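Student: This one is my_file_11.txt, compact mmCIF, C-alpha atoms.
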```txt
# COMPACT_ATOMS: atom_id res chain seq x y z
CA MET U 1 212.72 100.96 37.09
CA THR U 2 214.53 104.30 36.77
CA GLN U 3 212.53 107.34 37.74
CA GLN U 4 211.97 109.92 35.02
CA THR U 5 213.21 113.39 35.93
CA GLY U 6 212.72 116.82 34.39
CA GLU U 7 209.04 116.21 33.58
CA LEU U 8 207.46 117.57 36.75
CA LYS U 9 207.18 121.31 37.28
CA LEU U 10 205.82 123.24 40.24
CA SER U 11 205.33 126.98 40.55
CA ALA U 12 206.07 128.71 43.85
CA LYS U 13 206.25 132.12 45.52
CA LYS U 14 208.55 133.42 48.18
CA ARG U 15 206.95 134.06 51.54
CA ASN U 16 208.31 136.67 53.93
CA ALA U 17 206.12 136.13 56.96
CA ALA U 18 206.60 133.08 59.14
CA GLY U 19 204.85 131.54 62.11
CA SER U 20 201.83 129.35 62.74
CA ALA U 21 199.30 132.16 62.26
CA GLN U 22 200.66 133.02 58.81
CA ALA U 23 200.78 129.33 57.86
CA LEU U 24 197.15 128.92 58.91
CA ARG U 25 196.09 131.87 56.73
CA LEU U 26 197.98 130.42 53.77
CA ARG U 27 196.24 127.05 54.12
CA LYS U 28 192.82 128.68 54.33
CA ASN U 29 193.55 130.44 51.02
CA GLY U 30 194.65 127.25 49.27
CA TRP U 31 198.41 127.70 49.68
CA LEU U 32 200.88 125.33 51.29
CA PRO U 33 203.86 126.64 53.31
CA CYS U 34 207.14 124.99 52.26
CA ILE U 35 210.91 125.36 52.68
CA VAL U 36 213.69 124.82 50.16
CA TYR U 37 217.11 123.78 51.52
CA ASP U 38 220.32 124.15 49.53
CA SER U 39 223.59 122.21 49.73
CA GLN U 40 225.07 124.81 52.10
CA SER U 41 222.27 124.26 54.66
CA GLY U 42 220.63 127.53 53.68
CA SER U 43 216.82 127.73 53.57
CA LEU U 44 214.23 129.65 51.61
CA PRO U 45 210.58 129.83 52.75
CA ILE U 46 208.14 129.47 49.86
CA GLN U 47 204.48 128.74 49.23
CA VAL U 48 202.92 126.54 46.55
CA GLU U 49 199.36 125.70 45.53
CA ARG U 50 198.29 122.83 47.74
CA HIS U 51 195.96 121.25 45.18
CA THR U 52 198.69 121.19 42.51
CA LEU U 53 201.13 119.44 44.83
CA GLU U 54 198.44 117.00 45.99
CA MET U 55 197.85 116.00 42.35
CA ILE U 56 201.59 115.38 41.87
CA LEU U 57 201.76 113.22 44.98
CA ARG U 58 198.53 111.33 44.34
CA ASP U 59 200.11 108.54 42.31
CA ARG U 60 203.67 108.89 43.58
CA ARG U 61 203.50 108.25 47.32
CA GLY U 62 206.61 106.53 48.57
CA GLU U 63 208.70 107.65 45.61
CA ASN U 64 211.66 110.00 45.53
CA ILE U 65 210.14 112.82 43.50
CA ILE U 66 212.42 115.17 41.58
CA LEU U 67 210.86 118.24 40.00
CA ASP U 68 211.63 121.68 38.60
CA LEU U 69 210.63 124.31 41.15
CA ASP U 70 209.88 127.60 39.41
CA ILE U 71 210.08 130.29 42.09
CA GLU U 72 208.55 133.64 41.13
CA GLY U 73 211.24 136.32 40.95
CA ASP U 74 214.00 133.73 41.34
CA LYS U 75 215.66 131.03 39.28
CA THR U 76 214.20 127.60 38.55
CA ARG U 77 215.70 125.00 40.85
CA LYS U 78 215.99 121.24 40.54
CA VAL U 79 214.71 119.89 43.86
CA LEU U 80 214.05 116.59 45.57
CA MET U 81 211.00 116.33 47.79
CA LYS U 82 212.42 115.34 51.17
CA ASP U 83 209.45 115.33 53.52
CA THR U 84 205.77 116.12 53.86
CA GLN U 85 203.49 116.64 56.84
CA ARG U 86 199.80 115.74 56.78
CA ASP U 87 196.77 116.24 58.95
CA ASN U 88 196.12 113.05 60.93
CA LEU U 89 192.35 113.26 60.56
CA LYS U 90 191.73 114.66 57.06
CA ASP U 91 195.09 113.62 55.51
CA HIS U 92 195.51 117.10 54.02
CA LEU U 93 198.99 118.41 53.32
CA LEU U 94 200.25 120.80 55.99
CA HIS U 95 203.88 121.37 54.98
CA ALA U 96 206.55 120.20 52.54
CA ASP U 97 210.36 120.30 52.47
CA PHE U 98 212.44 120.39 49.28
CA LEU U 99 216.18 119.85 48.81
CA GLU U 100 217.99 121.61 46.00
CA ILE U 101 220.14 119.11 44.10
CA SER U 102 222.66 118.94 41.29
CA MET U 103 222.15 116.41 38.53
CA THR U 104 225.90 115.76 38.48
CA ARG U 105 226.30 115.13 42.20
CA LYS U 106 225.38 111.88 43.95
CA LEU U 107 222.88 111.98 46.75
CA ARG U 108 221.53 109.60 49.38
CA VAL U 109 217.91 108.48 49.26
CA ALA U 110 215.75 105.74 50.76
CA VAL U 111 214.36 103.30 48.19
CA ALA U 112 211.50 100.89 48.89
CA VAL U 113 212.05 97.11 48.66
CA ARG U 114 209.35 95.27 46.71
CA LEU U 115 208.92 91.54 47.37
CA LEU U 116 208.19 89.39 44.32
CA GLY U 117 206.46 85.99 44.36
CA GLU U 118 205.07 83.81 47.14
CA PRO U 119 207.50 81.77 49.27
CA VAL U 120 207.15 77.97 49.10
CA GLY U 121 207.36 78.05 52.88
CA VAL U 122 204.04 79.90 52.88
CA SER U 123 202.19 78.22 50.01
CA GLN U 124 203.30 74.63 50.69
CA GLN U 125 204.64 74.46 54.25
CA GLY U 126 202.19 76.58 56.20
CA GLY U 127 204.71 79.22 57.24
CA VAL U 128 204.37 82.98 57.62
CA MET U 129 206.40 85.60 55.77
CA GLU U 130 207.68 88.59 57.75
CA GLN U 131 209.16 91.66 56.04
CA LEU U 132 211.51 93.28 58.53
CA LEU U 133 213.01 95.97 56.28
CA ARG U 134 210.85 97.92 53.83
CA SER U 135 213.47 100.30 52.41
CA VAL U 136 217.24 100.66 52.10
CA ASP U 137 219.53 103.68 51.79
CA VAL U 138 220.98 104.11 48.31
CA GLU U 139 223.57 106.50 46.90
CA CYS U 140 223.38 107.51 43.25
CA LEU U 141 223.01 110.38 40.80
CA PRO U 142 219.55 111.97 40.69
CA ALA U 143 218.93 110.63 37.19
CA ASP U 144 219.61 107.06 38.38
CA ILE U 145 217.14 107.04 41.26
CA VAL U 146 214.84 104.03 41.01
CA LYS U 147 211.25 103.75 42.16
CA GLU U 148 211.82 100.46 44.04
CA LEU U 149 214.23 97.55 44.41
CA PRO U 150 212.77 94.09 43.58
CA LEU U 151 213.59 91.05 45.70
CA ASP U 152 212.45 87.55 44.67
CA VAL U 153 211.19 85.53 47.66
CA ALA U 154 209.63 82.56 45.81
CA ASN U 155 212.30 80.04 46.89
CA LEU U 156 212.16 80.82 50.61
CA GLY U 157 211.25 77.87 52.84
CA ILE U 158 210.55 77.81 56.56
CA GLY U 159 213.63 79.08 58.40
CA ASP U 160 215.05 80.85 55.33
CA LYS U 161 215.73 84.58 55.04
CA LEU U 162 217.05 87.19 52.63
CA CYS U 163 219.34 90.04 53.66
CA VAL U 164 220.32 93.39 52.15
CA ARG U 165 223.26 91.72 50.41
CA ASP U 166 220.79 89.56 48.46
CA ILE U 167 219.23 92.57 46.69
CA LYS U 168 220.40 92.79 43.08
CA ILE U 169 221.00 96.36 41.94
CA ASP U 170 222.28 98.30 38.98
CA PRO U 171 226.04 99.08 39.14
CA LYS U 172 225.12 102.76 39.10
CA LEU U 173 223.62 102.35 42.56
CA THR U 174 225.36 101.81 45.87
CA ILE U 175 223.45 100.38 48.82
CA LEU U 176 224.56 102.03 52.06
CA SER U 177 222.50 99.91 54.47
CA ALA U 178 224.34 97.13 56.34
CA PRO U 179 224.57 93.96 54.18
CA GLU U 180 223.70 91.62 57.07
CA LEU U 181 220.36 93.27 57.84
CA THR U 182 217.45 90.85 57.34
CA VAL U 183 214.89 92.07 54.82
CA VAL U 184 212.43 89.16 54.86
CA SER U 185 212.13 85.75 56.51
CA VAL U 186 209.71 82.81 56.61
CA GLN U 187 208.89 81.29 59.98
CA LEU U 188 206.41 78.89 61.53
CA PRO U 189 203.24 80.63 62.69
CA HIS U 190 203.16 81.70 66.32
CA PHE U 191 200.21 80.29 68.27
CA GLU U 192 199.24 81.89 71.55
CA GLU U 193 197.29 79.97 74.15
CA GLU U 194 193.80 81.39 74.48
CA LYS U 195 193.07 82.73 77.92
CA PRO U 196 189.55 82.36 79.35
CA THR U 197 187.48 85.50 79.53
CA GLU U 198 186.47 86.96 82.87
CA GLU U 199 182.94 85.57 82.42
CA GLU U 200 184.28 82.08 81.66
CA ALA U 201 186.66 82.21 84.62
CA ALA U 202 183.85 83.35 86.93
CA ALA U 203 181.55 80.59 85.65
CA ALA U 204 184.24 77.96 86.18
CA ALA U 205 184.91 79.21 89.69
CA ALA U 206 181.19 79.19 90.49
CA GLU U 207 180.75 75.63 89.29
CA GLY U 208 183.87 74.57 91.18
CA ALA U 209 184.74 72.10 88.45
CA PRO U 210 188.53 72.47 88.69
CA ALA U 211 188.47 72.37 92.52
CA ALA U 212 186.26 69.27 92.62
CA GLU U 213 188.56 67.46 90.24
CA GLY U 214 191.61 68.37 92.30
CA GLU U 215 190.13 67.56 95.69
CA ALA U 216 188.48 64.27 94.78
CA PRO U 217 191.69 62.18 94.77
CA ALA U 218 192.81 63.71 98.07
CA ALA U 219 189.48 62.91 99.72
CA ALA U 220 189.53 59.40 98.31
CA ALA U 221 193.07 58.90 99.58
CA ALA U 222 192.16 60.18 103.01
CA GLU U 223 189.24 57.76 103.54
CA PRO U 224 191.35 54.55 103.63
CA GLY U 225 193.67 56.23 106.15
CA LYS U 226 190.77 57.07 108.40
CA GLU U 227 189.54 53.48 108.20
CA LYS U 228 193.00 52.22 109.18
CA GLU U 229 193.14 54.70 112.04
CA ALA U 230 189.74 53.55 113.28
CA LYS U 231 190.75 49.91 112.98
CA GLY U 232 193.95 50.66 114.83
CA LYS U 233 192.05 52.15 117.75
CA GLU U 234 189.70 49.16 117.86
CA GLY U 235 192.67 46.81 117.76
CA ALA U 236 194.32 48.72 120.59
CA LYS U 237 191.21 48.29 122.72
CA GLU U 238 191.07 44.57 121.97
CA THR U 239 194.76 44.05 122.77
CA GLU U 240 194.66 45.97 126.04
CA PRO U 241 196.87 44.10 128.61
CA LYS U 242 194.97 41.29 130.29
CA GLY U 243 196.85 41.94 133.51
CA LYS U 244 194.83 45.06 134.12
CA GLU U 245 191.58 43.22 133.45
CA THR U 246 192.61 40.38 135.90
CA ALA U 247 193.48 42.87 138.59
CA LYS U 248 190.10 44.51 138.22
CA GLU U 249 188.37 41.19 138.28
CA LYS U 250 190.32 40.08 141.43
CA ALA U 251 189.72 43.33 143.28
CA PRO U 252 186.20 42.37 144.57
CA GLU U 253 187.43 38.94 145.66
CA ALA U 254 190.26 40.52 147.68
CA LYS U 255 187.81 42.82 149.44
CA GLU U 256 185.52 39.89 150.36
CA LYS U 257 188.47 37.87 151.79
CA GLY U 258 189.52 40.91 153.79
CA LYS U 259 186.04 41.17 155.33
CA GLU U 260 186.04 37.45 156.22
CA ALA U 261 189.42 37.80 157.95
CA LYS U 262 188.20 40.70 160.09
CA GLU U 263 185.05 38.76 161.14
CA LYS U 264 187.14 35.74 162.24
CA LYS U 265 189.32 38.00 164.41
CA LYS U 266 186.23 39.34 166.09
```
Reformat the file's structure so that it appears as structure tokens.

Tutor:
Amino acid sequence: MTQQTGELKLSAKKRNAAGSAQALRLRKNGWLPCIVYDSQSGSLPIQVERHTLEMILRDRRGENIILDLDIEGDKTRKVLMKDTQRDNLKDHLLHADFLEISMTRKLRVAVAVRLLGEPVGVSQQGGVMEQLLRSVDVECLPADIVKELPLDVANLGIGDKLCVRDIKIDPKLTILSAPELTVVSVQLPHFEEEKPTEEEAAAAAAEGAPAAEGEAPAAAAAEPGKEKEAKGKEGAKETEPKGKETAKEKAPEAKEKGKEAKEKKK
């Protein structure tokens, strides 16, 4: 869809003072500090009504907005809104940058990529779609700027992807982003193993369930060994050399014979 130009108008005033204090005073009075840049890198500080610009942006966020900027005491300029700054908490506009353009000169803008359809890899195969690139750089005339670039993803299965080169565009547009860049892919879902909480880990450690399971086989294996060791010691006692036992048994007899021999001599 081609964006309509020449329909949006915004009134502005030049501002001479600069600095954060002056910008704060402007915001308190309902004005928004802005800057207009020209093709020669020159700049012109201006101020516009914040509410008016908020209403223009309300339904056009993400678009490349072209409007007629009517500066008091100066000429009307065709400008492209390049950038805006907002308050992180209240989302109020804080600043805006405009770029003066020529309707006969091509310019470079970022255009959003809109995915159409639901991939079969998601609806029928249980996959997950991941959009890796949400906009591409496009070169064209201001009048040919489009709101978004459609990309049909309905035929994507698990493991399939679409790249920048797969985006179909009007011949008036030139995509400047690298053709091999992946825009969207369908992959199997990633499952992460759940880790026990600190309370669960402490409870498991207190119960000693994992340790008991791990030590039980070792204890069971050690018992037969101890029985064998005990049996081995008993066997060693039983098989002690009989020669030693005979010598012990004969020792008293030898002493008695020795006594008898001494008595005979006497």

Student: For U:Val184, which residue among U:Leu26, U:Ile167, U:Ile56, U:Ala203 is the nearest when counting only C-alpha atoms?

Tutor: U:Ile167

Student: Which distance in Å separates atom CA of U:Asn64 and atom CA of U:Ala17, to one decimal?

Tutor: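 Value for the atom CA of U:Asn64-atom CA of U:Ala17 distance: 29.1 Å.
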
Student: Go through U:Ser43, U:Gly62, U:Val120, U:Val48 and flag the residue nearest U:Asn29, using only C-alpha atoms for the distances.

Tutor: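 Closest to U:Asn29 of all the choices is U:Val48.
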
Student: Measuring between all atoms listed in the file, which one of U:Asp70, U:Glu180, U:Glu130, U:Glu54 shows the shortest distance to U:Leu156?

Tutor: U:Glu130

Student: What is the atom CA of U:Asp144 to atom CA of U:Cys163 distance in Å?

Tutor: 22.9 Å

Student: Using all atoms listed in the file for the distances, tell me which of U:Gly126, U:Pro119, U:Pro142, U:Pro179 is nearest to U:Ala154.

Tutor: U:Pro119

Student: Neighbours of U:Leu132 within 8 Å (all atoms listed in the file; same-chain residues fewer than 5 positions away dropped), as a list in words?

Tutor: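 Non-adjacent residues within range: Thr182, Val183, Val184 and Ser185 of chain U.
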
Student: For U:Gln124, which residue among U:Val186, U:Val109, U:Leu8, U:Arg58 is the nearest when counting only C-alpha atoms?

Tutor: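 Closest residue, counting only C-alpha atoms: U:Val186.
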
Student: Fewer than 5 positions away in the same chain doesn't count, so skip those; otherwise give me all residues within 10 Å of U:Val128, counting all atoms listed in the file, as a PDB file with C-alpha atoms, in the coordinates of the input.

Tutor:
```
ATOM      1  CA  PRO U 119     207.500  81.770  49.270  1.00  0.00           C
ATOM      2  CA  GLY U 121     207.360  78.050  52.880  1.00  0.00           C
ATOM      3  CA  VAL U 122     204.040  79.900  52.880  1.00  0.00           C
ATOM      4  CA  SER U 123     202.190  78.220  50.010  1.00  0.00           C
ATOM      5  CA  GLY U 157     211.250  77.870  52.840  1.00  0.00           C
ATOM      6  CA  ILE U 158     210.550  77.810  56.560  1.00  0.00           C
ATOM      7  CA  SER U 185     212.130  85.750  56.510  1.00  0.00           C
ATOM      8  CA  VAL U 186     209.710  82.810  56.610  1.00  0.00           C
ATOM      9  CA  GLN U 187     208.890  81.290  59.980  1.00  0.00           C
ATOM     10  CA  LEU U 188     206.410  78.890  61.530  1.00  0.00           C
ATOM     11  CA  PRO U 189     203.240  80.630  62.690  1.00  0.00           C
ATOM     12  CA  HIS U 190     203.160  81.700  66.320  1.00  0.00           C
TER      13      HIS U 190
END
```

Student: In Å, with one decimal, what is the gap from atom CA of U:Val164 to atom CA of U:Phe98?

Tutor: 28.3 Å

Student: Quick one: everything within 8 Å of U:Arg114, counting all atoms listed in the file, minus sequence neighbours fewer than 3 positions away in the same chain. Send it as a PyMOL selection string.

Tutor: chain U and resi 134+148-151

Student: Could you pull the residues within 7 Å of U:Thr84, counting all atoms listed in the file, minus those fewer than 3 positions along the same chain, as a short mmCIF file (atom, residue, chain, number, x, y, z; two decimals) with C-alpha atoms, in the coordinates of the input?

Tutor:
```cif
data_model
loop_
_atom_site.label_atom_id
_atom_site.label_comp_id
_atom_site.auth_asym_id
_atom_site.auth_seq_id
_atom_site.Cartn_x
_atom_site.Cartn_y
_atom_site.Cartn_z
CA HIS U 95 203.88 121.37 54.98
CA ALA U 96 206.55 120.20 52.54
CA ASP U 97 210.36 120.30 52.47
#
```

Student: Identify the residues around (227.6, 103.4, 43.6) within a radius of 12 Å, measuring from only C-alpha atoms in the coordinates stated by the file, and give them as a list in words.

Tutor: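 Protein and nucleic acid residues near the point are Arg105, Lys106, Leu107, Arg108, Asp137, Val138, Glu139, Cys140, Leu141, Asp144, Ile145, Ile169, Asp170, Pro171, Lys172, Leu173, Thr174, Ile175 and Leu176 of chain U.
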
Student: Choose the residue, out of U:Arg25, U:Arg50, U:Arg61, U:Lys90, that has the smallest atom-to-atom separation from U:Ser11; count only C-alpha atoms.

Tutor: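 Answer, going by the shortest atom-to-atom distance: U:Arg50.
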
Student: Put a box with edges along x, y and z around all the listed atoms of stretch 143-152 of chain U, pad it by 8 Å on each side, then give me its centre and sizes in Å, one decimal, as lines of an AutoDock Vina configuration file.

Tutor:
```
center_x = 215.4
center_y = 99.1
center_z = 41.4
size_x = 24.4
size_y = 39.1
size_z = 24.5
```
